[in-house]
file start-v9.txt (compact mmCIF, C-alpha atoms and all ligand atoms)
# COMPACT_ATOMS: atom_id res chain seq x y z
CA MET A 30 20.16 -181.35 -121.37
CA GLU A 31 19.56 -178.16 -123.24
CA ILE A 32 17.42 -177.41 -126.27
CA GLY A 33 17.55 -174.23 -128.36
CA ILE A 34 14.31 -172.79 -129.73
CA PHE A 35 14.89 -171.44 -133.21
CA GLY A 36 12.58 -169.97 -135.84
CA LEU A 37 11.44 -166.97 -137.85
CA PRO A 38 10.22 -163.87 -136.03
CA GLN A 39 6.66 -164.09 -134.70
CA SER A 40 6.35 -167.82 -135.20
CA GLY A 41 5.33 -168.49 -131.60
CA LYS A 42 8.72 -169.41 -130.12
CA THR A 43 8.33 -167.49 -126.90
CA THR A 44 4.72 -168.59 -126.51
CA LEU A 45 5.94 -172.19 -126.73
CA PHE A 46 8.90 -171.44 -124.44
CA ASN A 47 6.50 -170.09 -121.82
CA LEU A 48 4.37 -173.21 -122.07
CA LEU A 49 7.31 -175.60 -121.83
CA THR A 50 8.94 -173.88 -118.90
CA SER A 51 5.91 -172.32 -117.18
CA SER A 52 7.54 -168.94 -117.68
CA ASN A 53 6.09 -165.57 -118.37
CA ALA A 54 8.47 -164.09 -120.93
CA GLU A 55 7.25 -161.25 -123.11
CA THR A 56 5.73 -162.25 -126.45
CA GLY A 57 4.67 -160.29 -129.51
CA MET A 58 6.39 -157.78 -131.77
CA GLY A 59 9.91 -156.84 -130.83
CA ALA A 60 10.00 -158.86 -127.60
CA GLY A 61 12.42 -161.41 -129.06
CA LYS A 62 15.00 -158.74 -129.94
CA LYS A 63 15.85 -158.33 -126.27
CA LYS A 64 17.78 -160.97 -124.31
CA ALA A 65 17.38 -164.71 -124.97
CA ASN A 66 15.01 -166.42 -122.54
CA ILE A 67 16.29 -169.34 -120.51
CA GLY A 68 14.03 -171.68 -118.55
CA VAL A 69 13.73 -175.21 -117.29
CA SER A 70 10.95 -177.69 -117.88
CA ARG A 71 10.06 -180.71 -115.86
CA VAL A 72 9.95 -183.96 -117.79
CA PRO A 73 6.55 -185.39 -116.88
CA ASP A 74 6.83 -189.04 -115.89
CA PRO A 75 3.90 -191.07 -114.55
CA ARG A 76 6.37 -193.70 -113.28
CA LEU A 77 7.92 -191.17 -110.93
CA ASP A 78 4.44 -190.14 -109.81
CA LYS A 79 3.75 -193.77 -108.95
CA LEU A 80 6.98 -194.08 -106.94
CA VAL A 81 6.01 -190.96 -105.04
CA GLU A 82 2.64 -192.52 -104.28
CA ILE A 83 4.40 -195.57 -102.85
CA TRP A 84 7.05 -193.76 -100.80
CA SER A 85 5.49 -190.37 -99.94
CA PRO A 86 9.03 -188.96 -99.95
CA LYS A 87 10.06 -185.60 -98.46
CA LYS A 88 11.27 -184.51 -101.87
CA THR A 89 10.39 -185.32 -105.47
CA THR A 90 12.70 -184.38 -108.31
CA TYR A 91 11.73 -184.74 -111.94
CA ALA A 92 14.23 -184.91 -114.76
CA THR A 93 14.58 -181.52 -116.43
CA ILE A 94 15.33 -180.02 -119.81
CA GLN A 95 16.63 -176.50 -120.18
CA TYR A 96 15.30 -174.40 -123.04
CA VAL A 97 16.83 -171.30 -124.52
CA ASP A 98 14.57 -169.11 -126.66
CA VAL A 99 16.46 -166.85 -129.05
CA ALA A 100 15.43 -163.90 -131.21
CA GLY A 101 13.66 -164.67 -134.47
CA VAL A 102 15.98 -165.41 -137.36
CA GLU A 103 15.57 -163.46 -140.56
CA LYS A 104 16.98 -164.31 -143.94
CA SER A 105 20.63 -163.37 -143.57
CA ALA A 106 21.47 -162.79 -147.24
CA GLY A 107 24.52 -164.99 -146.86
CA LYS A 108 25.94 -163.35 -143.74
CA GLY A 109 24.98 -166.07 -141.29
CA LEU A 110 23.35 -165.92 -137.87
CA ALA A 111 23.74 -163.07 -135.42
CA SER A 112 26.58 -163.70 -133.00
CA GLU A 113 24.24 -163.52 -129.96
CA THR A 114 22.13 -166.26 -131.51
CA LEU A 115 25.20 -168.40 -132.13
CA THR A 116 26.40 -167.91 -128.57
CA SER A 117 23.00 -168.84 -127.15
CA LEU A 118 22.76 -172.00 -129.24
CA LYS A 119 26.35 -173.11 -128.75
CA ASN A 120 25.87 -175.43 -125.82
CA THR A 121 22.52 -176.87 -126.80
CA ASP A 122 22.10 -180.61 -127.41
CA ALA A 123 19.29 -180.22 -129.92
CA LEU A 124 17.33 -177.56 -131.76
CA LEU A 125 13.59 -177.06 -131.66
CA LEU A 126 12.54 -175.33 -134.85
CA VAL A 127 9.23 -173.54 -134.53
CA VAL A 128 7.53 -173.16 -137.89
CA ARG A 129 4.51 -170.92 -138.19
CA ASP A 130 1.49 -172.39 -139.87
CA PHE A 131 -1.19 -170.17 -138.36
CA ALA A 132 -2.79 -167.45 -140.40
CA ASP A 133 -3.40 -164.22 -138.50
CA GLU A 134 -3.48 -160.91 -140.30
CA SER A 135 -2.70 -158.95 -137.19
CA ILE A 136 0.63 -160.76 -136.84
CA PRO A 137 3.00 -159.93 -139.71
CA HIS A 138 4.99 -162.73 -141.33
CA SER A 139 8.57 -161.84 -142.22
CA GLU A 140 8.25 -163.68 -145.55
CA GLY A 141 4.90 -162.13 -146.39
CA ALA A 142 2.66 -165.17 -146.12
CA VAL A 143 2.35 -168.45 -144.27
CA ASP A 144 4.22 -171.37 -145.87
CA ALA A 145 5.56 -173.92 -143.39
CA VAL A 146 7.63 -175.94 -145.85
CA ARG A 147 9.36 -172.85 -147.24
CA ASP A 148 10.10 -171.58 -143.73
CA ALA A 149 11.45 -174.91 -142.53
CA ARG A 150 13.72 -175.05 -145.58
CA MET A 151 14.87 -171.50 -145.03
CA LEU A 152 15.70 -172.15 -141.39
CA THR A 153 17.60 -175.27 -142.40
CA GLU A 154 19.52 -173.26 -144.97
CA GLU A 155 20.48 -170.67 -142.38
CA LEU A 156 21.83 -173.43 -140.15
CA LEU A 157 23.79 -174.97 -143.03
CA LEU A 158 25.16 -171.56 -143.95
CA SER A 159 26.16 -170.79 -140.40
CA ASP A 160 28.20 -174.00 -140.21
CA LEU A 161 29.67 -173.42 -143.66
CA LEU A 162 30.93 -170.00 -142.63
CA ILE A 163 32.60 -171.51 -139.57
CA ALA A 164 34.33 -174.23 -141.63
CA GLU A 165 35.45 -171.78 -144.33
CA THR A 166 36.86 -169.33 -141.81
CA ARG A 167 38.73 -172.13 -140.11
CA LEU A 168 40.17 -173.36 -143.41
CA GLU A 169 41.29 -169.88 -144.38
CA ARG A 170 43.06 -169.31 -141.11
CA MET A 171 44.19 -172.85 -140.53
CA THR A 172 47.93 -172.34 -140.66
CA LYS A 173 47.81 -169.21 -138.53
CA GLN A 174 45.50 -170.61 -135.88
CA MET A 175 47.29 -173.96 -135.66
CA LYS A 176 50.70 -172.44 -134.98
CA GLY A 177 52.89 -174.82 -132.99
CA LYS A 178 50.90 -177.86 -134.14
CA SER A 179 52.58 -180.61 -136.15
CA ARG A 180 52.11 -180.93 -139.87
CA GLU A 181 50.08 -184.12 -139.36
CA GLU A 182 47.75 -182.30 -136.99
CA ILE A 183 47.16 -179.54 -139.48
CA ALA A 184 46.62 -182.02 -142.30
CA ALA A 185 44.11 -184.01 -140.24
CA GLU A 186 42.12 -180.95 -139.32
CA THR A 187 42.23 -179.55 -142.83
CA SER A 188 40.89 -182.81 -144.15
CA VAL A 189 37.95 -182.93 -141.74
CA MET A 190 37.13 -179.25 -142.35
CA GLU A 191 37.17 -179.87 -146.11
CA LYS A 192 34.89 -182.83 -145.62
CA ILE A 193 32.55 -180.59 -143.64
CA ARG A 194 32.68 -177.81 -146.21
CA ASP A 195 31.89 -180.21 -149.06
CA ALA A 196 28.94 -181.73 -147.21
CA LEU A 197 27.50 -178.34 -146.35
CA GLU A 198 27.96 -177.02 -149.86
CA GLY A 199 25.95 -180.02 -151.00
CA GLU A 200 23.30 -179.02 -148.41
CA THR A 201 23.88 -182.11 -146.28
CA PRO A 202 23.54 -181.39 -142.56
CA LEU A 203 26.53 -182.67 -140.60
CA ARG A 204 24.39 -185.06 -138.55
CA GLU A 205 24.00 -187.09 -141.76
CA VAL A 206 27.74 -187.28 -142.40
CA GLU A 207 29.73 -190.23 -141.09
CA PHE A 208 32.65 -189.10 -138.97
CA THR A 209 35.32 -191.22 -137.36
CA LYS A 210 35.80 -190.95 -133.62
CA ASP A 211 38.95 -188.94 -134.21
CA GLU A 212 37.15 -186.54 -136.54
CA LEU A 213 34.36 -186.04 -134.04
CA THR A 214 36.88 -185.17 -131.34
CA ARG A 215 38.53 -182.65 -133.65
CA ILE A 216 35.30 -180.86 -134.49
CA ARG A 217 33.61 -180.98 -131.09
CA GLY A 218 34.81 -177.53 -130.07
CA PHE A 219 33.27 -175.84 -133.09
CA GLN A 220 29.71 -176.58 -132.01
CA PHE A 221 28.37 -177.00 -135.52
CA LEU A 222 24.63 -176.49 -135.46
CA THR A 223 23.70 -179.02 -138.15
CA LEU A 224 25.36 -181.72 -136.08
CA LYS A 225 22.56 -181.35 -133.57
CA PRO A 226 19.33 -183.31 -133.92
CA VAL A 227 16.31 -181.22 -134.87
CA ILE A 228 12.72 -181.28 -133.73
CA ILE A 229 10.32 -179.29 -135.85
CA ALA A 230 7.20 -178.01 -134.13
CA VAL A 231 4.57 -176.81 -136.56
CA ASN A 232 2.48 -174.10 -134.93
CA VAL A 233 -0.93 -174.61 -136.53
CA SER A 234 -4.12 -172.54 -136.49
CA GLU A 235 -6.82 -173.36 -134.00
CA ASP A 236 -9.16 -174.52 -136.75
CA GLU A 237 -6.58 -176.81 -138.33
CA LEU A 238 -5.75 -179.02 -135.38
CA ASP A 239 -7.65 -181.89 -136.97
CA VAL A 240 -5.37 -181.87 -140.01
CA ALA A 241 -2.19 -181.13 -138.07
CA GLU A 242 -0.85 -184.68 -138.26
CA GLU A 243 -1.20 -184.73 -142.03
CA LYS A 244 0.59 -181.42 -142.22
CA CYS A 245 3.44 -182.90 -140.20
CA LYS A 246 3.70 -185.85 -142.58
CA LEU A 247 3.80 -183.51 -145.57
CA LEU A 248 6.51 -181.42 -144.02
CA SER A 249 8.47 -184.46 -142.96
CA GLY A 250 8.30 -185.82 -146.50
CA ALA A 251 9.32 -182.50 -148.01
CA LEU A 252 12.38 -182.22 -145.78
CA GLY A 253 13.22 -185.93 -145.52
CA SER A 254 16.08 -185.62 -143.08
CA LYS A 255 17.50 -188.13 -140.62
CA GLU A 256 17.39 -187.23 -136.93
CA THR A 257 14.57 -184.78 -137.51
CA ALA A 258 11.26 -185.29 -135.77
CA VAL A 259 8.20 -183.33 -136.77
CA THR A 260 5.41 -182.61 -134.35
CA TYR A 261 2.74 -179.93 -134.00
CA LEU A 262 0.93 -177.72 -131.57
CA CYS A 263 -1.42 -174.80 -131.56
CA ALA A 264 0.34 -172.43 -129.18
CA THR A 265 -2.68 -170.26 -128.43
CA ILE A 266 -4.86 -173.26 -127.58
CA GLU A 267 -2.14 -174.79 -125.43
CA GLN A 268 -1.88 -171.48 -123.64
CA GLU A 269 -5.61 -171.45 -122.98
CA ILE A 270 -5.44 -175.03 -121.69
CA SER A 271 -2.57 -174.17 -119.38
CA GLU A 272 -4.70 -171.49 -117.73
CA LEU A 273 -7.57 -173.88 -116.93
CA SER A 274 -8.07 -176.12 -113.92
CA GLU A 275 -7.14 -179.76 -114.52
CA GLU A 276 -10.79 -180.76 -114.82
CA ASP A 277 -11.73 -177.98 -117.23
CA ALA A 278 -8.58 -178.62 -119.24
CA GLU A 279 -9.55 -182.26 -119.70
CA ALA A 280 -13.05 -181.37 -120.83
CA PHE A 281 -11.75 -178.69 -123.20
CA MET A 282 -9.20 -181.08 -124.71
CA GLU A 283 -11.86 -183.72 -125.18
CA ASP A 284 -14.01 -181.21 -127.03
CA LEU A 285 -11.13 -180.45 -129.36
CA GLY A 286 -10.32 -184.12 -129.83
CA LEU A 287 -6.88 -183.69 -128.24
CA THR A 288 -5.55 -186.76 -126.48
CA ASP A 289 -2.31 -185.38 -125.06
CA SER A 290 -0.77 -182.04 -124.27
CA ALA A 291 1.50 -180.65 -126.97
CA THR A 292 4.17 -179.67 -124.49
CA ASP A 293 4.32 -183.22 -123.10
CA ARG A 294 4.53 -184.49 -126.65
CA ILE A 295 7.38 -182.14 -127.52
CA ILE A 296 9.29 -183.09 -124.39
CA ARG A 297 8.78 -186.79 -125.13
CA THR A 298 9.82 -186.33 -128.75
CA SER A 299 13.00 -184.56 -127.61
CA TYR A 300 13.78 -187.40 -125.25
CA ASP A 301 13.34 -190.05 -127.93
CA LEU A 302 15.19 -188.14 -130.59
CA LEU A 303 18.17 -187.60 -128.34
CA GLY A 304 18.22 -191.27 -127.41
CA LEU A 305 17.62 -190.47 -123.77
CA MET A 306 15.91 -192.49 -121.07
CA SER A 307 15.31 -192.25 -117.34
CA PHE A 308 16.34 -194.26 -114.36
CA PHE A 309 15.19 -193.66 -110.82
CA THR A 310 16.46 -193.46 -107.29
CA HIS A 311 13.90 -193.76 -104.54
CA GLY A 312 13.35 -193.80 -100.82
CA GLU A 313 11.64 -191.93 -98.01
CA ASP A 314 13.88 -188.90 -98.44
CA GLU A 315 13.67 -188.44 -102.16
CA CYS A 316 12.26 -190.00 -105.30
CA ARG A 317 14.04 -188.79 -108.35
CA ALA A 318 14.23 -189.31 -112.11
CA TRP A 319 17.61 -189.03 -113.83
CA THR A 320 18.45 -188.73 -117.50
CA ILE A 321 21.01 -190.87 -119.35
CA ARG A 322 21.66 -191.91 -122.91
CA LYS A 323 20.29 -195.27 -123.92
CA GLY A 324 22.99 -197.93 -123.83
CA SER A 325 24.78 -196.45 -120.79
CA LYS A 326 26.45 -198.79 -118.33
CA ALA A 327 25.80 -198.69 -114.59
CA PRO A 328 28.90 -196.60 -113.65
CA ARG A 329 27.85 -193.91 -116.14
CA ALA A 330 24.41 -193.77 -114.54
CA ALA A 331 26.11 -193.50 -111.15
CA GLY A 332 28.16 -190.61 -112.52
CA VAL A 333 25.01 -188.69 -113.40
CA ILE A 334 24.13 -188.71 -109.72
CA HIS A 335 27.61 -187.73 -108.60
CA SER A 336 31.09 -188.18 -110.06
CA ASP A 337 32.24 -189.85 -106.80
CA LEU A 338 29.70 -192.57 -107.41
CA GLU A 339 31.16 -193.27 -110.82
CA HIS A 340 34.79 -193.27 -109.72
CA GLY A 341 34.14 -195.36 -106.62
CA PHE A 342 31.51 -197.59 -108.24
CA ILE A 343 31.38 -201.09 -106.73
CA ARG A 344 28.01 -202.44 -107.78
CA ALA A 345 24.41 -201.46 -108.33
CA GLU A 346 21.32 -202.94 -106.78
CA VAL A 347 18.76 -202.92 -109.54
CA VAL A 348 15.06 -203.50 -109.78
CA GLY A 349 12.94 -202.75 -112.83
CA TYR A 350 10.16 -200.19 -112.35
CA GLU A 351 7.37 -202.66 -113.19
CA ASP A 352 8.79 -205.30 -110.85
CA PHE A 353 9.03 -202.85 -107.98
CA VAL A 354 5.52 -201.52 -108.44
CA GLU A 355 4.17 -205.06 -108.60
CA ALA A 356 6.01 -206.15 -105.47
CA GLY A 357 5.31 -202.92 -103.60
CA THR A 358 8.32 -202.94 -101.27
CA LEU A 359 12.03 -203.63 -101.58
CA ALA A 360 11.72 -206.53 -99.12
CA ALA A 361 9.09 -208.13 -101.35
CA CYS A 362 11.38 -207.57 -104.36
CA ARG A 363 14.14 -209.40 -102.53
CA ASP A 364 11.82 -212.30 -101.69
CA LYS A 365 10.69 -212.58 -105.28
CA GLY A 366 14.27 -212.41 -106.51
CA VAL A 367 13.68 -209.36 -108.73
CA LEU A 368 16.17 -207.17 -106.87
CA ARG A 369 19.46 -207.94 -108.58
CA VAL A 370 23.06 -207.03 -107.97
CA GLU A 371 24.79 -205.85 -111.11
CA GLY A 372 28.39 -204.91 -111.89
CA LYS A 373 30.29 -202.41 -114.02
CA GLU A 374 29.23 -203.90 -117.35
CA TYR A 375 25.52 -203.77 -116.65
CA LEU A 376 23.54 -201.91 -119.32
CA VAL A 377 20.97 -199.79 -117.56
CA GLU A 378 17.43 -200.18 -118.84
CA ASN A 379 14.75 -197.56 -119.17
CA GLY A 380 12.91 -197.32 -115.83
CA ASP A 381 15.50 -199.16 -113.74
CA ILE A 382 15.53 -198.22 -110.08
CA LEU A 383 19.11 -198.09 -108.90
CA ASN A 384 20.91 -198.09 -105.61
CA ILE A 385 24.61 -197.52 -106.17
CA ARG A 386 27.20 -199.04 -103.83
CA PHE A 387 30.46 -197.19 -103.95
CA ASN A 388 33.48 -196.24 -101.94
CA VAL A 389 35.40 -192.99 -102.10
N1 LIG B 1 -3.41 -167.05 -133.82
C1 LIG B 1 -2.31 -167.52 -133.26
N2 LIG B 1 -1.43 -166.65 -132.75
C2 LIG B 1 -0.31 -167.14 -132.18
C3 LIG B 1 -0.04 -168.54 -132.12
N3 LIG B 1 1.16 -168.71 -131.52
C4 LIG B 1 1.62 -167.49 -131.22
N4 LIG B 1 0.75 -166.54 -131.61
C5 LIG B 1 0.87 -165.09 -131.46
O1 LIG B 1 1.93 -164.66 -132.30
C6 LIG B 1 2.61 -163.56 -131.70
C7 LIG B 1 4.08 -163.85 -131.64
O2 LIG B 1 4.32 -164.87 -130.70
P1 LIG B 1 5.72 -165.02 -129.97
O3 LIG B 1 5.62 -166.25 -129.15
O4 LIG B 1 6.13 -163.77 -129.33
O5 LIG B 1 6.63 -165.29 -131.25
P2 LIG B 1 8.22 -165.37 -131.31
O6 LIG B 1 8.52 -166.39 -132.33
O7 LIG B 1 8.78 -165.55 -129.97
O8 LIG B 1 8.57 -163.93 -131.88
P3 LIG B 1 10.04 -163.22 -131.86
O9 LIG B 1 10.64 -163.49 -130.53
O10 LIG B 1 9.73 -161.80 -132.10
O11 LIG B 1 10.79 -163.85 -132.96
C8 LIG B 1 2.00 -163.34 -130.35
O12 LIG B 1 1.09 -162.29 -130.45
C9 LIG B 1 1.30 -164.67 -130.07
O13 LIG B 1 0.20 -164.51 -129.23
C10 LIG B 1 -1.01 -169.44 -132.65
O14 LIG B 1 -0.87 -170.66 -132.61
N5 LIG B 1 -2.13 -168.87 -133.21
MG MG B 2 10.22 -164.45 -128.89

call {"tool": "encode", "arguments": {"input": "start-v9.txt", "output": "C-alpha cells"}}
result
Amino acid sequence: MEIGIFGLPQSGKTTLFNLLTSSNAETGMGAGKKKANIGVSRVPDPRLDKLVEIWSPKKTTYATIQYVDVAGVEKSAGKGLASETLTSLKNTDALLLVVRDFADESIPHSEGAVDAVRDARMLTEELLLSDLLIAETRLERMTKQMKGKSREEIAAETSVMEKIRDALEGETPLREVEFTKDELTRIRGFQFLTLKPVIIAVNVSEDELDVAEEKCKLLSGALGSKETAVTYLCATIEQEISELSEEDAEAFMEDLGLTDSATDRIIRTSYDLLGLMSFFTHGEDECRAWTIRKGSKAPRAAGVIHSDLEHGFIRAEVVGYEDFVEAGTLAACRDKGVLRVEGKEYLVENGDILNIRFNV
C-alpha cells in the first residue's frame, strides 16, 4: 500500500513524512524541490504486540505503508502538475493532503496568508485539473492512439473519457462518479488522481491543538466530499514528542491533553478509508500482520502471503484474535472448538489468525 503526500510548499509535508516513516529527510525552504522522498511506516497494532508476547517469536513483522513525499504544489495557472509529481503519485493508492494551518512569519506561505479551506480547495482543483488534462489529451488523440482497435473499442473508450471530462468540468472528483466494471478496467491505466481516496491532514499551530477537531469539522463541511477523511496534527509538537523517551512523551502528551499520537491516527485513518484490515500469521518463527481489503475471501488472503498459497489453496485453519488470546494456545483453541477449518468461500474477518493449507 502506498500513499502520496501532497500539498502546498512549506505546509509541513516532509516534517510529517519524517514522522510517519522515522526518516530524516531535509525540511525547510527549497528542500522539497529536490527528489521525492520515499519511506515506509510500520502500522502499529497492539494485537500483534500481544501475539508476540504469547509466542516470543524470532521475528516480528508489522504491516507497512509506503509514503512518497513530493515537492510542494503551486498554483499551476491551468497547466497542471509537474510531470515528476505525476510520476511519483501514479502508483499510490491514496493521497494525503497536508494543509497548513499554522501561522509562522518566518515561514513564507505561497498564497500570502494562512487559510486552510482555500488551500484545500486549491489542491483539490489542481487534482481535478490534472485529471481533466489527461482526459482531454486522450480524447484529442483518441483515433491516433487507438490505431488497430475496433470501432466499438474506440467508441467505448471515447464514451468513458467524455463521461470523465464532463464530471471533472463540473468539479466532481472521479471517486464520486459511478463507473461500470468495464469502464473501470478501461481507465485503470490512466491513474487518475481524483479516483484515489483522500485524507486531509490539517497542520495546526501549537496553541490551537485544543480547537483542532472543530477546525477539521469546518473544513470537512466546507469540502463535503465522499471518501475524504479529515484529521489534524501539529507537526512540530509531534516531532518534539518523537524525540522524547516513552515516559516523557506520555507525560508531555498528557500535559497537552493529547490522547493519541497523530501519526498513529493518520495511519489508522488511511487504513479505514481504504477499507483495509489486518489478519495475522503466528508461530515461534514469526508473528506477522498482513493487509487485505475488507470483504476478501480466504484464498485472496493466502495470496497476500504468497501467490503459490492462493493458487494451491486447500483450506484455512482460522481462529479469531480474541479467541486465541483468551485460550492462550492453539491446543486450547482446538479443545474449545474455536479453531475452525474454512474453505475457499470464507470471508476473512479483521484480526483472524490464519494457517493456510495448500499444495503446489
Ligand atoms: N510552527 C510550525 N512550523 C512547522 C510546522 N510544521 C512544519 N513546520 C516548519 O515549516 C517548514 C517547512 O516544513 P517542511 O516539512 O519542509 O514543509 P514541506 O511541505 O515539505 O515543504 P516543501 O517540500 O518545500 O513543499 C519547516 O521549517 C518546518 O519546521 C508546524 O506545525 N508549526
Ligand atoms: Mg518537503

call {"tool": "closest_residue", "arguments": {"input": "start-v9.txt", "among": "A:Asp78, A:Glu191, A:Asp98, A:Asp130", "to": "ligand MG 2 (chain B)", "atoms": "only C-alpha atoms and all ligand atoms"}}
result
A:Asp98

call {"tool": "closest_residue", "arguments": {"input": "start-v9.txt", "among": "A:Glu55, A:Glu256, A:Glu155, A:Glu237", "to": "ligand MG 2 (chain B)", "atoms": "only C-alpha atoms and all ligand atoms"}}
result
A:Glu55

call {"tool": "atom_distance", "arguments": {"input": "start-v9.txt", "atom1": "atom CA of Val206 of chain A", "atom2": "atom CA of Lys176 of chain A"}}
result
28.3 Å

call {"tool": "axis_aligned_box", "arguments": {"input": "start-v9.txt", "around": "ligand LIG 1 (chain B)", "padding_each_side": "3 Å", "output": "JSON"}}
result
{"center_x": 3.7, "center_y": -166.2, "center_z": -131.5, "size_x": 20.2, "size_y": 14.9, "size_z": 10.7}

call {"tool": "residues_near_ligand", "arguments": {"input": "start-v9.txt", "ligand": "ligand LIG 1 (chain B)", "cutoff": "8 Å", "atoms": "only C-alpha atoms and all ligand atoms", "output": "ChimeraX atom specification"}}
result
/A:36-46,55-62,98-102,127,129-133,136,232-235,262-266

call {"tool": "residues_around", "arguments": {"input": "start-v9.txt", "residues": "segment 365-368 of chain A", "least_positions_apart": "4", "cutoff": "8 Å", "atoms": "only C-alpha atoms", "output": "count of residues only"}}
result
8

call {"tool": "residues_around", "arguments": {"input": "start-v9.txt", "residues": "Glu200 of chain A", "least_positions_apart": "3", "cutoff": "7 Å", "atoms": "all atoms listed in the file", "output": "list in words"}}
result
Leu157, Ala196 and Leu197 of chain A

call {"tool": "residues_around", "arguments": {"input": "start-v9.txt", "residues": "segment 322-335 of chain A", "least_positions_apart": "5", "cutoff": "6 Å", "atoms": "all atoms listed in the file", "output": "PyMOL selection string"}}
result
chain A and resi 304-306+373-377

call {"tool": "closest_residue", "arguments": {"input": "start-v9.txt", "among": "A:Arg170, A:His340, A:Arg317, A:Arg369", "to": "Trp84 of chain A", "atoms": "all atoms listed in the file"}}
result
A:Arg317

call {"tool": "closest_residue", "arguments": {"input": "start-v9.txt", "among": "A:Thr114, A:Thr310, A:Ser51, A:Thr288", "to": "Pro86 of chain A", "atoms": "all atoms listed in the file"}}
result
A:Thr310

call {"tool": "atom_distance", "arguments": {"input": "start-v9.txt", "atom1": "atom CA of Lys173 of chain A", "atom2": "atom CA of Arg217 of chain A"}}
result
19.9 Å

call {"tool": "atom_distance", "arguments": {"input": "start-v9.txt", "atom1": "atom CA of Leu213 of chain A", "atom2": "atom CA of Gln95 of chain A"}}
result
24.4 Å

call {"tool": "residues_around", "arguments": {"input": "start-v9.txt", "residues": "Asp289 of chain A", "least_positions_apart": "3", "cutoff": "12 Å", "atoms": "all atoms listed in the file", "output": "list in words"}}
result
Tyr261, Leu262, Glu267, Ile270, Ala278, Glu279, Phe281, Met282, Glu283, Leu285, Gly286, Thr292, Asp293, Arg294, Ile295, Ile296 and Arg297 of chain A

call {"tool": "residues_around", "arguments": {"input": "start-v9.txt", "residues": "Thr298 of chain A", "least_positions_apart": "5", "cutoff": "9 Å", "atoms": "all atoms listed in the file", "output": "list in words"}}
result
Ile228, Ala258, Val259, Thr260, Asp293 and Leu303 of chain A

call {"tool": "write_last_selection", "arguments": {"input": "start-v9.txt", "atoms": "C-alpha atoms", "output": "compact mmCIF listing (two decimals), in the frame of the given file"}}
result
# COMPACT_ATOMS: atom_id res chain seq x y z
CA ILE A 228 12.72 -181.28 -133.73
CA ALA A 258 11.26 -185.29 -135.77
CA VAL A 259 8.20 -183.33 -136.77
CA THR A 260 5.41 -182.61 -134.35
CA ASP A 293 4.32 -183.22 -123.10
CA LEU A 303 18.17 -187.60 -128.34

call {"tool": "closest_residue", "arguments": {"input": "start-v9.txt", "among": "A:Asn66, A:Ser139, A:Ser290, A:Thr214", "to": "ligand MG 2 (chain B)", "atoms": "all atoms listed in the file"}}
result
A:Asn66

call {"tool": "closest_residue", "arguments": {"input": "start-v9.txt", "among": "A:Leu273, A:Cys362, A:Ala65, A:Leu124", "to": "ligand MG 2 (chain B)", "atoms": "only C-alpha atoms and all ligand atoms"}}
result
A:Ala65
